[in-house]
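Asker: The structure under discussion is supplied below as structure tokens; questions concerning it will follow.
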Number of protein chains: 2
Amino acid sequence: MKLLERLRAIDAEAKLIEHIGAMLGWDQETYMPSGAIDERADQLAFVETLSHQKKTSPEIGEILETLGSTSANPSGPESLPTVDRAYLRVMRRQFDQTNRIPAELVSEMAKATSLSQAAWIEARKNDDFRSFAPHLSRMLDFNKQIAACLDPSRKPYDVLLDQYEEGATEAQIAAVFGALRTDLVALLEKIRSRPQIDDAFLHHECPTSAQAAASAHFMNVLSYDLARGRLDVTAHPFTTTLGSSDVRITTRYVENYFPSSMFSTMHETGHALYELGIEPSPEYRRTSLAEASSMAIHESQSRLWENMVGRSLGFWIQHLASLKNMLAPVLNGIGLEDFYRAINKVQPSLIRTEADEVTYGLHVILRFELESRMISGDLPVSDLPTAWNEGMQRLLGVEPADDAHGCLQDIHWSMGSFGYFPSYALGNLYAAQWWDAMKAQGLDPKAAVERGDLGSILAWLRSNVHRSGAMHKPGELVERVTGAPLDPSHFVRYLNEKYAGVYGF
Amino acid sequence: MKLLERLRAIDAEAKLIEHIGAMLGWDQETYMPSGAIDERADQLAFVETLSHQKKTSPEIGEILETLGSTSANPSGPESLPTVDRAYLRVMRRQFDQTNRIPAELVSEMAKATSLSQAAWIEARKNDDFRSFAPHLSRMLDFNKQIAACLDPSRKPYDVLLDQYEEGATEAQIAAVFGALRTDLVALLEKIRSRPQIDDAFLHHECPTSAQAAASAHFMNVLSYDLARGRLDVTAHPFTTTLGSSDVRITTRYVENYFPSSMFSTMHETGHALYELGIEPSPEYRRTSLAEASSMAIHESQSRLWENMVGRSLGFWIQHLASLKNMLAPVLNGIGLEDFYRAINKVQPSLIRTEADEVTYGLHVILRFELESRMISGDLPVSDLPTAWNEGMQRLLGVEPADDAHGCLQDIHWSMGSFGYFPSYALGNLYAAQWWDAMKAQGLDPKAAVERGDLGSILAWLRSNVHRSGAMHKPGELVERVTGAPLDPSHFVRYLNEKYAGVYGF
């Protein structure tokens, strides 16, 4: 057991270094003076190197070997307690992921990525896909090399997916998304046949100070503990972990669309509540076991609080009066039904990050289809704009006038992230499955929201989803908690019921 | 020259680590959620250890040895350019200071210090000097041990002083302070014979937002560049360096005394301007040569801007109108003369940090006298309260009702800082000597302030004091720049002229 203790100590130091990096990153986005950017980059690179050294320290490899955890048998000897075996799996996976990619490849890719990002910014500004195309090719190439380093025996896209959603495969995601796509397109059809909702009053000018008050109010309503977190303002909202008791969120204020900051705050609060609720066991505090199960599980928490709670009728039965007070006179004269329908308006649009609950999944499905085909070589980079526009037409019935509002809109591919997009849609699916599991287990979350009892929902999520951290792979977690594998029908049923109400069909 | 380059590279990395520590410290004082305190302490300890390892790396010792810079001959071979020789001196000094103190002593003292600080907080709260006395004894003992490690051949207090003011000795400070004390006491006598100034209007309630506007205004007037710095709010104002282009200041707002934040902002801006102006030569950016010459030289910059500029009549000829606008209606009906006299009111008081320009030095002289006697063993710890009260009576004509407002008021001794206090008064002396040197060199700073030309003063300070950083010891710097050693008569003359005007004698 001395070896396990030693492993935890090295790991905890690696985590501490990561948290220092998160501190530097948070400051860079929030308060850092602009002139400090170059030095900050050096500081971040230094911390990154330190963190890499720690995570790849040969001692970790030796301990994992001695404890019998090999790549082939990652959970190690059967005799160990479950939590220790889970820890060995997590450490083995992390150690392999960092060690199998040669340092030169990492550093080459880092350089290429910074060029690629700069090229993407320019290309988007000038609507010039061709100038970005060679960078995209290079990013694809690096990703294939990385996949080959990590596991040459598997399909490259499967290996990439696995980095974000352990155990997932392209075939499984394709099956899930295939079903989902059909149902979303059908639902969208129904909605389109109904008169559109008027949400003009959401676009009235609303001062930042009023929006800030609303954000502060709702993160408190959702039980975000300000002794362990805080809210600041950045260009793009995010959640970042600076320590097990220091998880910070950010938002941005759009003067003529207050729902943006209000729902982004609930979204990030959902992420923060997850991070703050992880506690696999006292001795594993501040280790790699005290991390999220996957990106999609993370997204299930933000989406559950933002959409299933925050955009529900029951929630606004409780809170519309206080919101009207805080934002007065913006919502004067607006009734509950009007407000509820407006914040749930469905409108196919070009931009993923502005999409509603129904169309959001379709944006993600398109990206999954295109990136998996680019990785397999089935879709040449030069054909991406055409394929994108065709897909938008097919799935959403809209077509971008230019690539800046089309295949150049997301930062992900320019950063060399392939396999990440599916997490965004999987999050919605997991969220709906948790919701139904609560019901099946005797906690009616809808009724709880209606009576203002969000604490029961948080308590359920904490004990079922948060606490165990990375102990279970996402696929195992959903089976343990809900008794069934990931099943998109929960989400589809949720959407159909909700939007039948919203659009009256 | 390869060796020098290598030395700079190691040193630059040590600096980078220090800046990361400063980032963590800044955040702890400004925005960190309260629950993160324990983890932050671990993060700071980690960075501290890393920094210590870097600074004591044997490679530094080897390079210094090879380059011929030994403790006996610290400037190394005569053949090197001045800047390189200065650098070797600075590195040798730093290397010796870190290496000569055994790690066990450092760690023992760290533990004792945290106990001592906790005991001091309690003792001050309960006005219970006796409960703090054993901790004070221990801090004295540690300081004597440190002095013995650094240089057993010299008087312990000289060695301690030298840590903050390189080259200074107790005898030299005693001589300077002796003359200063006599003159300050005489000036105070004269002031006391005059009718007291009414400054009641400075104590009117003034909202934080108005004070914040004034702080922002004056730090801009003083040319603090917000692309390389920022102002935040903390319990105690400070300046901290997070990078050569990232020097941040803080202030605090006292609702019924706006001069507190206004002058503390000018004070910290003075510190920040110094840090931002250091640039001994391009290749020495981000090295130990790009640091302040001494704590007292640092204080000369904050005091010059706060007092000689910020509390001068000429400054308010330029700025009273805008201040009245920003704080309206607080200063309605107040004339220039009334305002100027009020912000320069002299009033012997019990607390150093609230002292005016005349009595401030007397507070510092008392601490110097007492701490040097405690280190030499001449003053037993148990006699400190009596000696303190007797000194206050003798120097300032006031006597504390309790030790909480007497010898327990400062944090320094509880932290084991002995030899630091003199810097506070020396700063005033250096400032006045710079001021007279400007005059002697054809720049009349008083006239410059009166016509709103602060840029000339900053330019002079940059090229004469800031730029060279740690190239010259403070004693050498003052001789180079002013042609004479440190001489308290400049400050005394400045005070006498100023207060003859303020009090009319």
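In the structure tokens, chains take the letters A, B, ... in the order shown, each chain's residues start at 1, and ligands count up from 1 in the order shown.
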Taking only C-alpha atoms into account, report as a PyMOL selection string which residues of chain A lie within 10 Å of chain B.
Answerer: chain A and resi 13+16-17+19-21+23-24+27+31-40+42-44+46-47+225-230+232+242-248+286
Asker: Would you please give, as a ChimeraX atom specification, all residues of stretch 205-241 of chain B that DSSP assigns to alpha helix (DSSP H) based on the backbone?
Answerer: /B:208-221
Asker: Can you pull out the residues contacting A:Asn256? Cut-off 9 Å, using only C-alpha atoms, and skip same-chain residues under 6 positions away; I want them as a list of chain:residue names.
Answerer: A:Leu202, A:His203, A:His204, A:Glu205, A:Cys206, A:Pro207
Asker: Find the nearest atom pair between each residue of stretch 410-452 of chain B and stretch 356-376 of chain B for residues within 8 Å, count only C-alpha atoms, give distances in Å to one decimal, sort rows by chain and ascending number, and present the table as a Markdown table.
Answerer:
```
| residue | atom | partner | partner_atom | distance |
| --- | --- | --- | --- | --- |
| B:Phe418 | CA | B:Glu371 | CA | 6.7 |
| B:Gly419 | CA | B:Phe368 | CA | 7.6 |
| B:Phe421 | CA | B:Val364 | CA | 6.2 |
| B:Pro422 | CA | B:Phe368 | CA | 6.1 |
| B:Tyr424 | CA | B:Val364 | CA | 7.0 |
| B:Ala425 | CA | B:Gly361 | CA | 5.3 |
```
Asker: Residues within 12 Å of stretch 491-496 of chain A, please, as a PyMOL selection string. Count only C-alpha atoms; anything in the same chain fewer than 5 positions from it doesn't count.
Answerer: chain A and resi 176-177+179-191+300+303-304+307-308+311-312+344+346+356-361+425-436+446+486+501-505
Asker: Can you pull out the residues contacting B:His217? Cut-off 10 Å, using only C-alpha atoms, and skip same-chain residues under 3 positions away; I want them as an MDAnalysis selection string.
Answerer: chainID B and resid 211:214 220:222 262 322:323 326
Asker: Between A:Ser223, A:Thr287, A:Ser281, A:Gln409, which one has atoms that come closest to A:Pro81, using only C-alpha atoms?
Answerer: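 Using only C-alpha atoms, the shortest distance to A:Pro81 belongs to A:Ser281.
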Asker: Can you list, as a VMD selection string, every protein, DNA or RNA residue that comes within 12 Å of B:Pro485 when you count only C-alpha atoms, leaving out same-chain residues fewer than 3 positions away?
Answerer: chain B and resid 168 172 176 429 to 430 433 to 434 473 to 482 488 to 490
Asker: List as a list in words the protein and nucleic acid residues near B:Trp460, meaning an atom at most 10 Å away when only C-alpha atoms are counted, but skip any in the same chain fewer than 3 places from it.
Answerer: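 My reading of the contact set: Trp434, Ala437, Met438, Gln441, Leu443, Pro445, Gly455, Ser456, Ile457, Ser463, Asn464, Val465 and His466 of chain B.
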Asker: Restrict the selected residues to N, CA and C atoms and save them as a PDB file, in the first residue's frame.
Answerer:
```
ATOM      1  N   TRP B 434      16.962  63.017  -4.141  1.00  0.00           N
ATOM      2  CA  TRP B 434      16.690  62.998  -5.597  1.00  0.00           C
ATOM      3  C   TRP B 434      16.128  64.354  -6.022  1.00  0.00           C
ATOM      4  N   ALA B 437      18.671  66.885  -6.288  1.00  0.00           N
ATOM      5  CA  ALA B 437      19.579  66.592  -7.407  1.00  0.00           C
ATOM      6  C   ALA B 437      18.946  67.035  -8.731  1.00  0.00           C
ATOM      7  N   MET B 438      17.630  66.822  -8.864  1.00  0.00           N
ATOM      8  CA  MET B 438      16.941  67.297 -10.075  1.00  0.00           C
ATOM      9  C   MET B 438      17.182  68.793 -10.227  1.00  0.00           C
ATOM     10  N   GLN B 441      20.524  69.704 -11.259  1.00  0.00           N
ATOM     11  CA  GLN B 441      20.799  69.337 -12.644  1.00  0.00           C
ATOM     12  C   GLN B 441      19.911  70.091 -13.633  1.00  0.00           C
ATOM     13  N   LEU B 443      16.578  70.671 -13.640  1.00  0.00           N
ATOM     14  CA  LEU B 443      15.130  70.421 -13.724  1.00  0.00           C
ATOM     15  C   LEU B 443      14.522  70.873 -12.403  1.00  0.00           C
ATOM     16  N   PRO B 445      11.840  70.573 -10.068  1.00  0.00           N
ATOM     17  CA  PRO B 445      10.672  69.681  -9.967  1.00  0.00           C
ATOM     18  C   PRO B 445       9.433  70.399  -9.434  1.00  0.00           C
ATOM     19  N   GLY B 455       5.757  64.465 -16.300  1.00  0.00           N
ATOM     20  CA  GLY B 455       6.541  63.624 -17.208  1.00  0.00           C
ATOM     21  C   GLY B 455       8.038  63.862 -17.085  1.00  0.00           C
ATOM     22  N   SER B 456       8.443  65.125 -16.880  1.00  0.00           N
ATOM     23  CA  SER B 456       9.885  65.409 -16.746  1.00  0.00           C
ATOM     24  C   SER B 456      10.449  64.756 -15.501  1.00  0.00           C
ATOM     25  N   ILE B 457       9.656  64.780 -14.433  1.00  0.00           N
ATOM     26  CA  ILE B 457      10.125  64.174 -13.181  1.00  0.00           C
ATOM     27  C   ILE B 457      10.264  62.666 -13.354  1.00  0.00           C
ATOM     28  N   SER B 463      15.701  57.616 -15.804  1.00  0.00           N
ATOM     29  CA  SER B 463      17.068  57.473 -16.300  1.00  0.00           C
ATOM     30  C   SER B 463      18.083  57.487 -15.171  1.00  0.00           C
ATOM     31  N   ASN B 464      17.765  58.130 -14.049  1.00  0.00           N
ATOM     32  CA  ASN B 464      18.746  58.193 -12.960  1.00  0.00           C
ATOM     33  C   ASN B 464      18.596  57.102 -11.912  1.00  0.00           C
ATOM     34  N   VAL B 465      17.356  56.747 -11.607  1.00  0.00           N
ATOM     35  CA  VAL B 465      17.135  55.812 -10.494  1.00  0.00           C
ATOM     36  C   VAL B 465      16.588  54.458 -10.948  1.00  0.00           C
ATOM     37  N   HIS B 466      15.564  54.479 -11.801  1.00  0.00           N
ATOM     38  CA  HIS B 466      14.883  53.222 -12.148  1.00  0.00           C
ATOM     39  C   HIS B 466      15.740  52.300 -13.002  1.00  0.00           C
TER      40      HIS B 466
END
```
Asker: Between atom CA of B:Ala110 and atom CA of B:Arg138, what is the spacing in Å?
Answerer: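 Separation between atom CA of B:Arg138 and atom CA of B:Ala110: 11.8 Å.
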Asker: So which one's closest to B:Leu160, B:Gly178, B:Gly335, B:Gly416, B:Gly391? Using only C-alpha atoms, please.
Answerer: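 Counting only C-alpha atoms, the residue closest to B:Leu160 is B:Gly416.
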Asker: Using DSSP on the backbone coordinates, identify the residues of stretch 213-310 of chain B assigned to strand (DSSP E); present them as a list of chain:residue names.
Answerer: B:Leu231, B:Asp232, B:Val233, B:Thr239, B:Thr240, B:Thr241, B:Leu242, B:Gly243, B:Asp246, B:Val247, B:Arg248, B:Ile249, B:Thr250, B:Thr251
Asker: What's the separation between atom CA of B:Ala103 and atom CA of B:Ala9, in Å to one decimal place?
Answerer: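 Between atom CA of B:Ala103 and atom CA of B:Ala9 the gap works out to 24.3 Å.
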Asker: Could you check which of A:Pro329, A:Pro400, A:Pro380, A:Gly469 is closest to A:Pro348, using only C-alpha atoms?
Answerer: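 Closest to A:Pro348 of all the choices is A:Pro400.
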Asker: With distances taken over only C-alpha atoms, which residue among B:Asp403, B:Phe263, B:Ser294, B:Glu170 lies nearest B:Leu384?
Answerer: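 Among the listed residues, B:Asp403 lies closest to B:Leu384.
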Asker: Separation of atom CA of B:Val83 and atom CA of B:Ile63, in Å?
Answerer: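 Computing it gives 16.8 Å between the two atoms.
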